[in-house]
Every structure is written in C-alpha cells, then in structure tokens.
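Accompanying notes for the structure given below.
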Amino acid sequence: MVITITGASGGIGFELLKKCSQNENNLVIAVSRHTKTLEKWVQKENRFNVLVITADLTKELHLKKIVKTLESLQLNLDVLVNNAGYLVNKNFESILPEELEAVYKTNVFAPFRLIQVLLPFMKNKSRGHIVNIGSMGGIQGVEKFPGLSAYSSSKAALAGLSECLALELAPRNIAVNCLALGAVQTEMLSKAFPGYKAPLSAERMAEFVYDFVRNGQHYFNGKILPVSLSTP
C-alpha cells in the first residue's frame, strides 16, 4: 500500500507515519515543510519504506515536485492523508488579512490542489481512500471557541469539500472521508488552548487514524466522522 501523509514531521502526522512504516509492505510518502528531524529519524530507524519530500503545499512549484517524484518512481497511490494544518489563535477583529490567507491556504487550498494533482496516481484496482483531517470546530452545531474563527471556519470548508469529492470521485472507486478530531495533545492544541491537557496523546489518536485510512473506505464515503473525547 502506498500512503501519502502531509504534515508528517510532527504531532499526529508523525505518529501516523511511524504506524504506517512499521508494515514493510507499506510505502509511506512523508511530506512536510521542515524535514531535517524527520530525515534523521528515518535514518536512525532504518525505515527504508519511507520517502521524505520537503514541500510547502501552498506553493504550486512544490506540488509539481511531488508529482515529478511519483512519476519518476512510477507509483500508484492508495491513500492520501491531508493532515497538514495551520492555526491562528486571535480575536476575530484582530486577525490580519495575511493571517487569514495563511490559514486557508494551508487548511483548504493546499489539500484541494494536492488532491487535484495526485488524482492521476490513484488508479489502482483496489479502492482508494482520501482522508482529510478536520476538526470538531468545523462541524455545524458543535461548541465553538473564541480566537479560533479562522481555523474552525477553514476546517468547516474542508469538511464540505470532503462531501463534494465523495460524490464526484465515486466513479473512480475513491472514497473521501473527513475525521473531525477533538482534543489531542499536540503543539497545535497547546497553541489553541494554552495549559490545557488533552485526554488523548497524538500516538493514541494515530492508532485510530491508521486503522481508518486502511479500512474506512470499505465502510464510509463522504462522511464527517467525529473522533473526540472532549472539545476540548
């Protein structure tokens, strides 16, 4: 199974990478803007089934770099996990245009474009799976929190995109789902809720996500699935 994970250098993305790479039958393509620590870990652990790509997904040139890498290796992609995210914790009236743009570029535009450019590689006979990592803050009717208007609204857009693509990509035998995560102890959570201790570690959440990316496409399509013990 060939699995691409964005935001793979830390938090849930890194823990998911570790889970995926434990199976030698998996080839894991780990994408991140900052990869020095990731590359050191790959070398230390002798994970020969991990391919690290340094890329900023908000830049078209870097998207082309990913495409060229897959083309050169003649790879077909089974799973894409859009995990990379960006958060601004700031009062609504104080959010600058460039901050709003940065959130939406990473959380919405980047996965939108990445799916577009990687679709030609998802042509296996087995059912493909695109998993967008969303947030409970992006679900309508769930409690929202001050300072997270940009982040939560961007995750709502990602959830809507997941539903749209599930219908559009069904003829290609590709399932698209969105995992709306609750509180997980990561650097991003600490930025959103300083001092708060989440009930789940990134490693524990990655265990669930790993099982879902491998098997969820056989049970779900176009679903926004809450995965949460607390919010926060």
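Letters for chains follow the order of the structure tokens (A, B, ...), residue numbers begin at 1 for each chain, and ligand numbers begin at 1 in the order shown.
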**Request:** Name all residues at most 10 Å from Ile139 (chain A) (count only C-alpha atoms; drop same-chain ones fewer than 2 positions away) and give them as an MDAnalysis selection string.
**Result:** chainID A and resid 134:137 141:144 152:153 155:157 159:160 180 224:226
**Request:** Could you please write out, as a VMD selection string, every residue of region 6-208 of chain A that DSSP assigns to strand (DSSP E or B)?
**Result:** chain A and resid 6 27 to 32 50 to 54 79 to 82 128 to 135 174 to 181 185 201
**Asked** What's the 7 Å shell around Val213 (chain A), counting only C-alpha atoms, without same-chain residues fewer than 3 positions away, as a PyMOL selection string?
**Response** chain A and resi 79+129+131+209-210+216
**Request:** Return the single residue from A:Ile5, A:Val28, A:Leu70, A:Val227 that is closest to Met122 (chain A), with distances computed using only C-alpha atoms.
**Result:** A:Leu70
**Request:** Mind giving me the straight-line distance from CA of Leu165 (chain A) to CA of Val52 (chain A) in Å, one decimal?
**Result:**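 Going from CA of Leu165 (chain A) over to CA of Val52 (chain A), I get 27.0 Å.
The nearest approach to Leu17 (chain A) among the residues A:Val31, A:Leu179, A:Leu118, A:Cys164, with only C-alpha atoms taken into account, belongs to A:Val31.
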